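Here's the structure we're looking at; comments come further down.
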Amino acid sequence: MLAETATAPITGFTPLVPYVLVALTVFAVLMLVPKLLGKRSYSKDKFVAYECGVDPIGSARQRFSVHFYLVAVLFILFDIEAVFLFPWAISLQEIGSAGFISALLFVGVLALGLAYAWRRGVLDWNN
Amino acid sequence: MDPELATTIAFYVFALLAIAGSVGVVANKNPVASAMCLVATFVAVAGLYLTLSATFLAAVQILVYAGAIMVLFLFVIMLLNLSHETFEGISVRRTMGGAIAFAFIFISIGLLWGTGPKPGEAMSVRPGTGLEIGRTFLKDYVFPFEMASLLLLVAMIGAIVLARRPKLVGGDR
Amino acid sequence: MSNDTVYLIASLVKAVVIFLAGVHVVPILVILERRISAWVQFRIGPNRVGPLGLFQPLADLVKFISKEDFRPATASPMLFGLGPILTALPPFLVLAMIPLAPSIEIGGRQLALSVVDTDLGLLFVVALSSLSVYGLAIGGWSSDNKYSLLGGLRSSAQMVSYELALGLSALAVVAIAGSVSLPEIVAQQSQFIGFAENGRWAGWNVFAQPLAFILFLIAGFAETNRLPFDLPEAESELVGGYHTEYGGTKFALFFMGEYVAMLAISLMISILFLGGWHFPGDKAVIDWAVGLVGAEGAAISWVTALIGHLALLAKVGFFLFLFIQIRWTLPRFRYDQLMTLGWKVLLPLATANLLLTGAVVSWS
C-alpha cells in the first residue's frame, strides 16, 4: 500500500507514540486529582482490608490451588500452537493441501495433550 | 520525519526501557513488582523487533512472552507466596558472583561493540511477513514444525505429571 | 505546507482523536447501561441530572474525582496504583490497532483510519488483549484482601482460558481471507453473500463461519468479564472482587478498561464477521452521496470513509446493546461451569472449526 510501510513497518506505528502519551497523561491526571481534591480522614480501622466487618484473619496473600498453575501452563502451550497456526492460516491458500495435512498432524499431536489433561482431571474444577 | 532517524530514536528509547525494566526486575524487593518489570522489558524488546522491521516477531513476543509466559510466572510467584526479599548482607561468594557477572557484561560489550549494523540501518533488512513465514514453515521446515508440536506435547504431559496430586485426579482413577 | 507535513499532522491528530473518542464512549455506555438495566428491570433509572438524566456520567465524574484517595494500610503502594492503569491501558492499545473506516487520501497519500497502520492488525489485537490479564491480577493481589485476590485470580485464569477460543476462532477468518490485516479482512467481505471471481468466499464471514462467530462472541464476553462471565467481581460471593478496596478515580479506571474492551471487541466482531464498513448496496449509497455533495478526487475517499464509519458504528452499537442487554438478562455461571465451557467446549470446537475451514480452503 504505502511506500513507507513497504520499507519500514515501524512508520505505521508512529501515531502510537502520541496516543500512548496522551492516554498515560489522562490516566495520571485522573489518579492524581483526588489526592488534591479529596478530603482525608484517619481512623485505625478504616485502613484495614475489608472482610465483612471483622478483622482480617491472616494475610490475604496465601498459597492457592496448583490448578491455576496448570491452567497457565496449558494456556502457554496452546498459545504457542496458535502462534504457529497464524502463519499457516495466512499462507494456506498458497500452500494448499500439503500445508493442511502438516497442520492436521500438528494440531492432532496437541489434541492428544488436551485429551491427556482432560482424562487426568486437570480441566475439572468441581472437586 | 526521516524514517532512519525515527528508527534510531525508537531503538534507543526501547533499549533504555528494556534496560530500565531489567534493572527493575533485579532491584525490586517485591517479586510481583519484579514480574511486572519483566513484562515491561518484554514489551520493550518487542519494540526493538519493530525497529528491525520484524513486525511478526514483535507481535509474537508480546503474545507469548508478555502475555502468556509471564502470566505463569505471576501465578508461580503467587502460588509459592514468595514474600519480600530481604537484604542478607555482603558475603565473599556474593561479591564474587557480582564481579563475574559484571566482567561478563563488559566482555560481551567489548566483543560486540561496533559490530553489526547501526540501529537506523538495520531496518533495511527485511524479515519475512506472515505469508513468507508460513511458506517457509510448511514447505522447507515441515519436520521441525511437526517436532515443535511433539515438544509442546511433552511439556504439557510433564507439567501435568509433576503438578498432579492424587486428590486432584477425578473421574475414573 | 508540504504534503509530508500535512500527512504527519493528520496522523498525529488521528491518534489523539481516536483516543478521545475511546474515552468518550465510556460515559455514553455508562448512561446507556444504567438506562437499559432500568428498562429491563421495570425501573426508571437515573433521570435527575440534566435532560433525561443524560448528564449523570458528568455527575459521576465529579463524585469520582472528589473522593478520598484510599488505600488499605497493608496494600502494596506502587502495585495498588498500577492495577487500574494496567487495566485501562491494554484495551486502548487494542483499540489503536482497529481501523474505524476505510483509509482516506490526505497530503497525496493514503491515511489508514486506525492509530496503527500495520498489515498484522489481528495478530496485534490478540497479542495486546492478552496483556489485559495483569491489571485485574495485580489490582486483586496488591489490595491484600481475600476477596480481591480471589477475584484477580479467577479473572486471570478465565481470561487465559477464553483467549485461546478467541484466537482460534479468529484464525478461521484468517484462513478465509488469507491475511491478518484488518482492512484486507474487511475488503474480502465486500459482498453481502457471494463468491469472488476466483471462487473464494467474498460475503460476510458470519455466513461462512457461523460457528466461529458464536465462539468469538462468547469468548469476547468472557474476555471483557461481562455477565454471564463476571465471576471476577461476582458481588454476591466476592463483595466487589478485584476492586473491593478501590474507590474514586482508580475504580473509574477499572470501569473505563471494561467499557473500552467492550468497544474493542464489538469492533472486532463487526470487522471479522459482519463485513466491517460494508453493507448491502453500499456502492450505490456511496455513489449517490458522492454525487450529492459533488465530491472529486481525494474528497471521494472522505465521503466513503464517513459512510463506512457510520455503517461500522451501527454494527458496533448493536453489539454494545447486546452486551448490556445480556448482562441484565442472564444469571452468572459457576466457576467450574465456566472453566468447563472454556476448555472442554469452546477450545475443541474452535480447533475443529479451524481444521475444517483449513480443509475447505486448501482444497478449493
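Ordering of the C-alpha cells sets the chain letters (A, B, ...), residue numbers begin anew at 1 in every chain, and ligands are numbered from 1 in the order given.
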
Would you kindly return, as a list in words, each protein, DNA or RNA residue with an atom no farther than 12 Å from any atom of Leu79 (chain B), considering only C-alpha atoms and excluding same-chain residues fewer than 5 positions away?
Arg61, Gln62, Arg63, Phe64, Ser65, Val66, His67, Phe68, Tyr69, Leu70 and Ala72 of chain A; Pro31, Val32, Val71, Leu72, Phe73 and Leu74 of chain B; Trp141, Leu149 and Leu153 of chain C

With only C-alpha atoms considered, list every residue of chain B at most 7 Å from chain A, as a PDB file with N, CA and C atoms, in the first residue's frame.
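That gives us out16.pdb:
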ATOM      1  N   PRO B   3      12.700   8.473   8.161  1.00  0.00           N
ATOM      2  CA  PRO B   3      12.436   7.177   8.803  1.00  0.00           C
ATOM      3  C   PRO B   3      13.669   6.601   9.504  1.00  0.00           C
ATOM      4  N   LEU B  50      10.375  -4.267  16.391  1.00  0.00           N
ATOM      5  CA  LEU B  50       9.702  -3.371  15.446  1.00  0.00           C
ATOM      6  C   LEU B  50      10.728  -2.519  14.709  1.00  0.00           C
ATOM      7  N   THR B  51      11.722  -2.004  15.445  1.00  0.00           N
ATOM      8  CA  THR B  51      12.721  -1.166  14.787  1.00  0.00           C
ATOM      9  C   THR B  51      13.516  -1.978  13.772  1.00  0.00           C
ATOM     10  N   SER B  53      12.050  -3.989  11.776  1.00  0.00           N
ATOM     11  CA  SER B  53      11.016  -4.338  10.794  1.00  0.00           C
ATOM     12  C   SER B  53      10.466  -5.738  10.987  1.00  0.00           C
ATOM     13  N   THR B  55       7.903  -7.180  12.314  1.00  0.00           N
ATOM     14  CA  THR B  55       6.596  -6.929  12.925  1.00  0.00           C
ATOM     15  C   THR B  55       5.991  -8.204  13.499  1.00  0.00           C
ATOM     16  N   VAL B  60       4.452 -11.614  18.203  1.00  0.00           N
ATOM     17  CA  VAL B  60       4.572 -12.911  18.869  1.00  0.00           C
ATOM     18  C   VAL B  60       5.282 -12.759  20.213  1.00  0.00           C
ATOM     19  N   VAL B  64       3.388 -14.245  23.320  1.00  0.00           N
ATOM     20  CA  VAL B  64       3.883 -15.418  24.039  1.00  0.00           C
ATOM     21  C   VAL B  64       4.600 -15.028  25.331  1.00  0.00           C
ATOM     22  N   ALA B  68       1.703 -14.622  27.899  1.00  0.00           N
ATOM     23  CA  ALA B  68       1.434 -15.986  28.351  1.00  0.00           C
ATOM     24  C   ALA B  68       2.453 -16.451  29.392  1.00  0.00           C
ATOM     25  N   ILE B  69       3.727 -16.378  29.054  1.00  0.00           N
ATOM     26  CA  ILE B  69       4.734 -16.921  29.961  1.00  0.00           C
ATOM     27  C   ILE B  69       4.765 -16.132  31.271  1.00  0.00           C
ATOM     28  N   VAL B  71       2.293 -14.648  32.663  1.00  0.00           N
ATOM     29  CA  VAL B  71       1.125 -14.999  33.473  1.00  0.00           C
ATOM     30  C   VAL B  71       1.475 -16.198  34.348  1.00  0.00           C
ATOM     31  N   LEU B  72       2.175 -17.161  33.742  1.00  0.00           N
ATOM     32  CA  LEU B  72       2.600 -18.332  34.502  1.00  0.00           C
ATOM     33  C   LEU B  72       3.555 -17.913  35.626  1.00  0.00           C
ATOM     34  N   PHE B  75       1.612 -16.418  38.361  1.00  0.00           N
ATOM     35  CA  PHE B  75       0.903 -17.461  39.103  1.00  0.00           C
ATOM     36  C   PHE B  75       1.854 -18.185  40.045  1.00  0.00           C
ATOM     37  N   VAL B  76       3.051 -18.502  39.541  1.00  0.00           N
ATOM     38  CA  VAL B  76       4.000 -19.249  40.366  1.00  0.00           C
ATOM     39  C   VAL B  76       4.409 -18.407  41.567  1.00  0.00           C
ATOM     40  N   MET B  78       2.671 -16.065  42.980  1.00  0.00           N
ATOM     41  CA  MET B  78       1.545 -16.032  43.908  1.00  0.00           C
ATOM     42  C   MET B  78       1.346 -17.409  44.545  1.00  0.00           C
ATOM     43  N   LEU B  79       1.569 -18.452  43.756  1.00  0.00           N
ATOM     44  CA  LEU B  79       1.362 -19.823  44.229  1.00  0.00           C
ATOM     45  C   LEU B  79       2.305 -20.147  45.372  1.00  0.00           C
ATOM     46  N   LEU B  80       3.572 -19.762  45.203  1.00  0.00           N
ATOM     47  CA  LEU B  80       4.557 -20.073  46.234  1.00  0.00           C
ATOM     48  C   LEU B  80       4.507 -19.062  47.351  1.00  0.00           C
ATOM     49  N   ASN B  81       3.705 -17.995  47.154  1.00  0.00           N
ATOM     50  CA  ASN B  81       3.588 -16.950  48.157  1.00  0.00           C
ATOM     51  C   ASN B  81       4.958 -16.416  48.541  1.00  0.00           C
ATOM     52  N   MET B 123      16.936  -1.453   9.594  1.00  0.00           N
ATOM     53  CA  MET B 123      15.593  -1.618   9.053  1.00  0.00           C
ATOM     54  C   MET B 123      15.610  -1.983   7.571  1.00  0.00           C
ATOM     55  N   GLY B 130       4.054 -12.523   7.534  1.00  0.00           N
ATOM     56  CA  GLY B 130       3.362 -13.734   7.941  1.00  0.00           C
ATOM     57  C   GLY B 130       3.286 -14.751   6.802  1.00  0.00           C
ATOM     58  N   LEU B 131       3.043 -14.250   5.604  1.00  0.00           N
ATOM     59  CA  LEU B 131       2.916 -15.141   4.442  1.00  0.00           C
ATOM     60  C   LEU B 131       4.208 -15.906   4.189  1.00  0.00           C
ATOM     61  N   ILE B 133       6.677 -16.411   6.287  1.00  0.00           N
ATOM     62  CA  ILE B 133       6.991 -17.309   7.399  1.00  0.00           C
ATOM     63  C   ILE B 133       6.194 -18.599   7.260  1.00  0.00           C
ATOM     64  N   GLY B 134       4.906 -18.476   6.910  1.00  0.00           N
ATOM     65  CA  GLY B 134       4.076 -19.656   6.726  1.00  0.00           C
ATOM     66  C   GLY B 134       4.611 -20.548   5.619  1.00  0.00           C
ATOM     67  N   ARG B 135       5.004 -19.908   4.520  1.00  0.00           N
ATOM     68  CA  ARG B 135       5.543 -20.655   3.386  1.00  0.00           C
ATOM     69  C   ARG B 135       6.794 -21.422   3.806  1.00  0.00           C
ATOM     70  N   LEU B 138       5.983 -24.417   6.248  1.00  0.00           N
ATOM     71  CA  LEU B 138       5.239 -25.565   5.764  1.00  0.00           C
ATOM     72  C   LEU B 138       5.810 -26.138   4.480  1.00  0.00           C
ATOM     73  N   GLU B 146       6.639 -29.978  12.810  1.00  0.00           N
ATOM     74  CA  GLU B 146       5.927 -31.079  13.463  1.00  0.00           C
ATOM     75  C   GLU B 146       6.580 -31.424  14.801  1.00  0.00           C
ATOM     76  N   SER B 149       5.417 -29.528  17.767  1.00  0.00           N
ATOM     77  CA  SER B 149       4.189 -29.971  18.417  1.00  0.00           C
ATOM     78  C   SER B 149       4.492 -31.089  19.411  1.00  0.00           C
ATOM     79  N   LEU B 150       5.443 -31.970  19.058  1.00  0.00           N
ATOM     80  CA  LEU B 150       5.819 -33.037  19.993  1.00  0.00           C
ATOM     81  C   LEU B 150       6.422 -32.450  21.256  1.00  0.00           C
ATOM     82  N   LEU B 152       5.834 -29.532  22.503  1.00  0.00           N
ATOM     83  CA  LEU B 152       4.758 -28.935  23.294  1.00  0.00           C
ATOM     84  C   LEU B 152       3.986 -30.021  24.044  1.00  0.00           C
ATOM     85  N   LEU B 153       3.791 -31.177  23.362  1.00  0.00           N
ATOM     86  CA  LEU B 153       3.064 -32.282  23.987  1.00  0.00           C
ATOM     87  C   LEU B 153       3.822 -32.787  25.199  1.00  0.00           C
ATOM     88  N   MET B 156       3.498 -30.434  28.031  1.00  0.00           N
ATOM     89  CA  MET B 156       2.163 -30.493  28.612  1.00  0.00           C
ATOM     90  C   MET B 156       2.047 -31.676  29.573  1.00  0.00           C
ATOM     91  N   ILE B 157       2.470 -32.857  29.080  1.00  0.00           N
ATOM     92  CA  ILE B 157       2.358 -34.065  29.901  1.00  0.00           C
ATOM     93  C   ILE B 157       3.257 -33.924  31.132  1.00  0.00           C
ATOM     94  N   ILE B 160       1.680 -31.741  33.759  1.00  0.00           N
ATOM     95  CA  ILE B 160       0.542 -32.389  34.422  1.00  0.00           C
ATOM     96  C   ILE B 160       1.033 -33.452  35.398  1.00  0.00           C
ATOM     97  N   ALA B 163       2.603 -31.729  38.468  1.00  0.00           N
ATOM     98  CA  ALA B 163       1.699 -30.975  39.324  1.00  0.00           C
ATOM     99  C   ALA B 163       0.590 -31.841  39.893  1.00  0.00           C
ATOM    100  N   LEU B 168      -6.433 -34.395  43.313  1.00  0.00           N
ATOM    101  CA  LEU B 168      -6.973 -33.626  42.195  1.00  0.00           C
ATOM    102  C   LEU B 168      -7.466 -34.517  41.077  1.00  0.00           C
ATOM    103  N   VAL B 169      -7.001 -35.779  41.061  1.00  0.00           N
ATOM    104  CA  VAL B 169      -7.371 -36.643  39.954  1.00  0.00           C
ATOM    105  C   VAL B 169      -8.805 -37.096  40.133  1.00  0.00           C
ATOM    106  N   GLY B 170      -9.629 -36.710  39.194  1.00  0.00           N
ATOM    107  CA  GLY B 170     -11.035 -37.050  39.332  1.00  0.00           C
ATOM    108  C   GLY B 170     -11.406 -38.186  38.402  1.00  0.00           C
ATOM    109  N   GLY B 171     -12.667 -38.472  38.334  1.00  0.00           N
ATOM    110  CA  GLY B 171     -13.190 -39.408  37.360  1.00  0.00           C
ATOM    111  C   GLY B 171     -12.812 -40.846  37.664  1.00  0.00           C
TER     112      GLY B 171
END

Expected answer as a list in words: strand (DSSP E or B) residues in region 85-314 of chain C
Ile104, Glu105, Ile106, Arg109, Gln110, Leu111, Phe195 and Trp201 of chain C

Using only C-alpha atoms and a distance of at most 10 Å, pull out the residues of chain C that contact chain B, as a PDB file with N, CA and C atoms, in the first residue's frame.
ATOM      1  N   ASP C   4       4.127  16.159   3.071  1.00  0.00           N
ATOM      2  CA  ASP C   4       4.587  15.314   4.171  1.00  0.00           C
ATOM      3  C   ASP C   4       4.144  15.869   5.512  1.00  0.00           C
ATOM      4  N   THR C   5       4.232  17.198   5.663  1.00  0.00           N
ATOM      5  CA  THR C   5       3.835  17.811   6.930  1.00  0.00           C
ATOM      6  C   THR C   5       2.348  17.605   7.167  1.00  0.00           C
ATOM      7  N   LEU C   8       1.857  14.094   8.280  1.00  0.00           N
ATOM      8  CA  LEU C   8       2.322  13.860   9.654  1.00  0.00           C
ATOM      9  C   LEU C   8       1.326  14.423  10.660  1.00  0.00           C
ATOM     10  N   SER C  76       0.217  -2.987  48.729  1.00  0.00           N
ATOM     11  CA  SER C  76       1.486  -2.507  48.185  1.00  0.00           C
ATOM     12  C   SER C  76       1.221  -1.184  47.476  1.00  0.00           C
ATOM     13  N   MET C  78       2.797   0.866  45.310  1.00  0.00           N
ATOM     14  CA  MET C  78       3.027   1.061  43.886  1.00  0.00           C
ATOM     15  C   MET C  78       2.082   0.190  43.053  1.00  0.00           C
ATOM     16  N   LEU C  79       2.021  -1.100  43.422  1.00  0.00           N
ATOM     17  CA  LEU C  79       1.213  -2.026  42.631  1.00  0.00           C
ATOM     18  C   LEU C  79      -0.270  -1.679  42.725  1.00  0.00           C
ATOM     19  N   LEU C  82      -0.795   0.707  40.177  1.00  0.00           N
ATOM     20  CA  LEU C  82      -0.511   0.173  38.846  1.00  0.00           C
ATOM     21  C   LEU C  82      -1.701  -0.625  38.302  1.00  0.00           C
ATOM     22  N   THR C 118      -0.725  -1.286  10.265  1.00  0.00           N
ATOM     23  CA  THR C 118       0.144  -2.446  10.101  1.00  0.00           C
ATOM     24  C   THR C 118      -0.620  -3.532   9.368  1.00  0.00           C
ATOM     25  N   ASP C 119       0.121  -4.412   8.696  1.00  0.00           N
ATOM     26  CA  ASP C 119      -0.573  -5.493   7.993  1.00  0.00           C
ATOM     27  C   ASP C 119      -0.737  -6.719   8.896  1.00  0.00           C
ATOM     28  N   LEU C 120      -0.418  -6.579  10.183  1.00  0.00           N
ATOM     29  CA  LEU C 120      -0.606  -7.690  11.112  1.00  0.00           C
ATOM     30  C   LEU C 120      -1.598  -7.305  12.205  1.00  0.00           C
ATOM     31  N   GLY C 121      -2.588  -6.478  11.842  1.00  0.00           N
ATOM     32  CA  GLY C 121      -3.506  -5.928  12.838  1.00  0.00           C
ATOM     33  C   GLY C 121      -4.118  -6.952  13.767  1.00  0.00           C
ATOM     34  N   LEU C 122      -4.651  -8.033  13.203  1.00  0.00           N
ATOM     35  CA  LEU C 122      -5.354  -9.014  14.030  1.00  0.00           C
ATOM     36  C   LEU C 122      -4.403  -9.671  15.026  1.00  0.00           C
ATOM     37  N   LEU C 123      -3.186  -9.966  14.573  1.00  0.00           N
ATOM     38  CA  LEU C 123      -2.194 -10.585  15.450  1.00  0.00           C
ATOM     39  C   LEU C 123      -1.895  -9.668  16.632  1.00  0.00           C
ATOM     40  N   PHE C 124      -1.778  -8.361  16.356  1.00  0.00           N
ATOM     41  CA  PHE C 124      -1.510  -7.418  17.440  1.00  0.00           C
ATOM     42  C   PHE C 124      -2.715  -7.290  18.367  1.00  0.00           C
ATOM     43  N   VAL C 125      -3.907  -7.363  17.803  1.00  0.00           N
ATOM     44  CA  VAL C 125      -5.104  -7.302  18.650  1.00  0.00           C
ATOM     45  C   VAL C 125      -5.095  -8.458  19.648  1.00  0.00           C
ATOM     46  N   VAL C 126      -4.814  -9.668  19.137  1.00  0.00           N
ATOM     47  CA  VAL C 126      -4.786 -10.839  20.017  1.00  0.00           C
ATOM     48  C   VAL C 126      -3.659 -10.691  21.040  1.00  0.00           C
ATOM     49  N   ALA C 127      -2.486 -10.231  20.577  1.00  0.00           N
ATOM     50  CA  ALA C 127      -1.331 -10.112  21.470  1.00  0.00           C
ATOM     51  C   ALA C 127      -1.599  -9.093  22.570  1.00  0.00           C
ATOM     52  N   LEU C 128      -2.090  -7.915  22.184  1.00  0.00           N
ATOM     53  CA  LEU C 128      -2.257  -6.850  23.179  1.00  0.00           C
ATOM     54  C   LEU C 128      -3.404  -7.149  24.139  1.00  0.00           C
ATOM     55  N   SER C 129      -4.438  -7.849  23.625  1.00  0.00           N
ATOM     56  CA  SER C 129      -5.530  -8.138  24.553  1.00  0.00           C
ATOM     57  C   SER C 129      -5.071  -9.144  25.598  1.00  0.00           C
ATOM     58  N   SER C 130      -4.011  -9.915  25.291  1.00  0.00           N
ATOM     59  CA  SER C 130      -3.531 -10.849  26.310  1.00  0.00           C
ATOM     60  C   SER C 130      -2.869 -10.111  27.473  1.00  0.00           C
ATOM     61  N   LEU C 131      -2.526  -8.827  27.271  1.00  0.00           N
ATOM     62  CA  LEU C 131      -1.929  -8.062  28.365  1.00  0.00           C
ATOM     63  C   LEU C 131      -2.969  -7.613  29.386  1.00  0.00           C
ATOM     64  N   SER C 132      -4.255  -7.736  29.039  1.00  0.00           N
ATOM     65  CA  SER C 132      -5.303  -7.271  29.966  1.00  0.00           C
ATOM     66  C   SER C 132      -5.331  -8.079  31.248  1.00  0.00           C
ATOM     67  N   VAL C 133      -4.709  -9.269  31.220  1.00  0.00           N
ATOM     68  CA  VAL C 133      -4.746 -10.138  32.391  1.00  0.00           C
ATOM     69  C   VAL C 133      -4.150  -9.447  33.615  1.00  0.00           C
ATOM     70  N   TYR C 134      -3.084  -8.669  33.384  1.00  0.00           N
ATOM     71  CA  TYR C 134      -2.283  -8.191  34.514  1.00  0.00           C
ATOM     72  C   TYR C 134      -3.022  -7.213  35.408  1.00  0.00           C
ATOM     73  N   ALA C 137      -5.259  -8.952  37.886  1.00  0.00           N
ATOM     74  CA  ALA C 137      -4.487  -9.812  38.782  1.00  0.00           C
ATOM     75  C   ALA C 137      -3.675  -8.968  39.762  1.00  0.00           C
ATOM     76  N   ILE C 138      -3.030  -7.911  39.254  1.00  0.00           N
ATOM     77  CA  ILE C 138      -2.210  -7.054  40.115  1.00  0.00           C
ATOM     78  C   ILE C 138      -3.092  -6.269  41.078  1.00  0.00           C
ATOM     79  N   TRP C 141      -4.256  -8.695  43.737  1.00  0.00           N
ATOM     80  CA  TRP C 141      -3.200  -9.183  44.623  1.00  0.00           C
ATOM     81  C   TRP C 141      -2.716  -8.082  45.554  1.00  0.00           C
ATOM     82  N   SER C 142      -2.560  -6.852  44.995  1.00  0.00           N
ATOM     83  CA  SER C 142      -1.934  -5.800  45.783  1.00  0.00           C
ATOM     84  C   SER C 142      -2.846  -5.295  46.892  1.00  0.00           C
ATOM     85  N   LEU C 149      -8.105 -10.906  45.996  1.00  0.00           N
ATOM     86  CA  LEU C 149      -7.164 -11.885  45.465  1.00  0.00           C
ATOM     87  C   LEU C 149      -7.913 -12.953  44.672  1.00  0.00           C
ATOM     88  N   LEU C 153      -7.427 -13.652  40.732  1.00  0.00           N
ATOM     89  CA  LEU C 153      -7.005 -14.968  40.263  1.00  0.00           C
ATOM     90  C   LEU C 153      -7.996 -15.543  39.276  1.00  0.00           C
ATOM     91  N   SER C 156      -7.735 -13.865  35.924  1.00  0.00           N
ATOM     92  CA  SER C 156      -6.616 -14.227  35.052  1.00  0.00           C
ATOM     93  C   SER C 156      -6.796 -15.622  34.485  1.00  0.00           C
ATOM     94  N   ALA C 157      -7.269 -16.574  35.313  1.00  0.00           N
ATOM     95  CA  ALA C 157      -7.471 -17.921  34.788  1.00  0.00           C
ATOM     96  C   ALA C 157      -8.561 -17.927  33.723  1.00  0.00           C
ATOM     97  N   VAL C 160      -7.208 -16.227  30.345  1.00  0.00           N
ATOM     98  CA  VAL C 160      -6.314 -17.061  29.552  1.00  0.00           C
ATOM     99  C   VAL C 160      -7.086 -18.224  28.942  1.00  0.00           C
ATOM    100  N   GLY C 178      -6.949 -15.087   4.057  1.00  0.00           N
ATOM    101  CA  GLY C 178      -5.546 -15.201   3.671  1.00  0.00           C
ATOM    102  C   GLY C 178      -4.719 -14.024   4.140  1.00  0.00           C
ATOM    103  N   SER C 179      -5.151 -13.381   5.217  1.00  0.00           N
ATOM    104  CA  SER C 179      -4.445 -12.199   5.689  1.00  0.00           C
ATOM    105  C   SER C 179      -4.822 -11.928   7.134  1.00  0.00           C
ATOM    106  N   VAL C 180      -3.904 -11.306   7.901  1.00  0.00           N
ATOM    107  CA  VAL C 180      -4.280 -10.862   9.241  1.00  0.00           C
ATOM    108  C   VAL C 180      -4.427  -9.346   9.278  1.00  0.00           C
TER     109      VAL C 180
END

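For the set C:Pro99, C:Gly241, C:Pro72, C:Gly220, the residue with the smallest atom-to-atom gap to chain A is C:Pro72, counting only C-alpha atoms.
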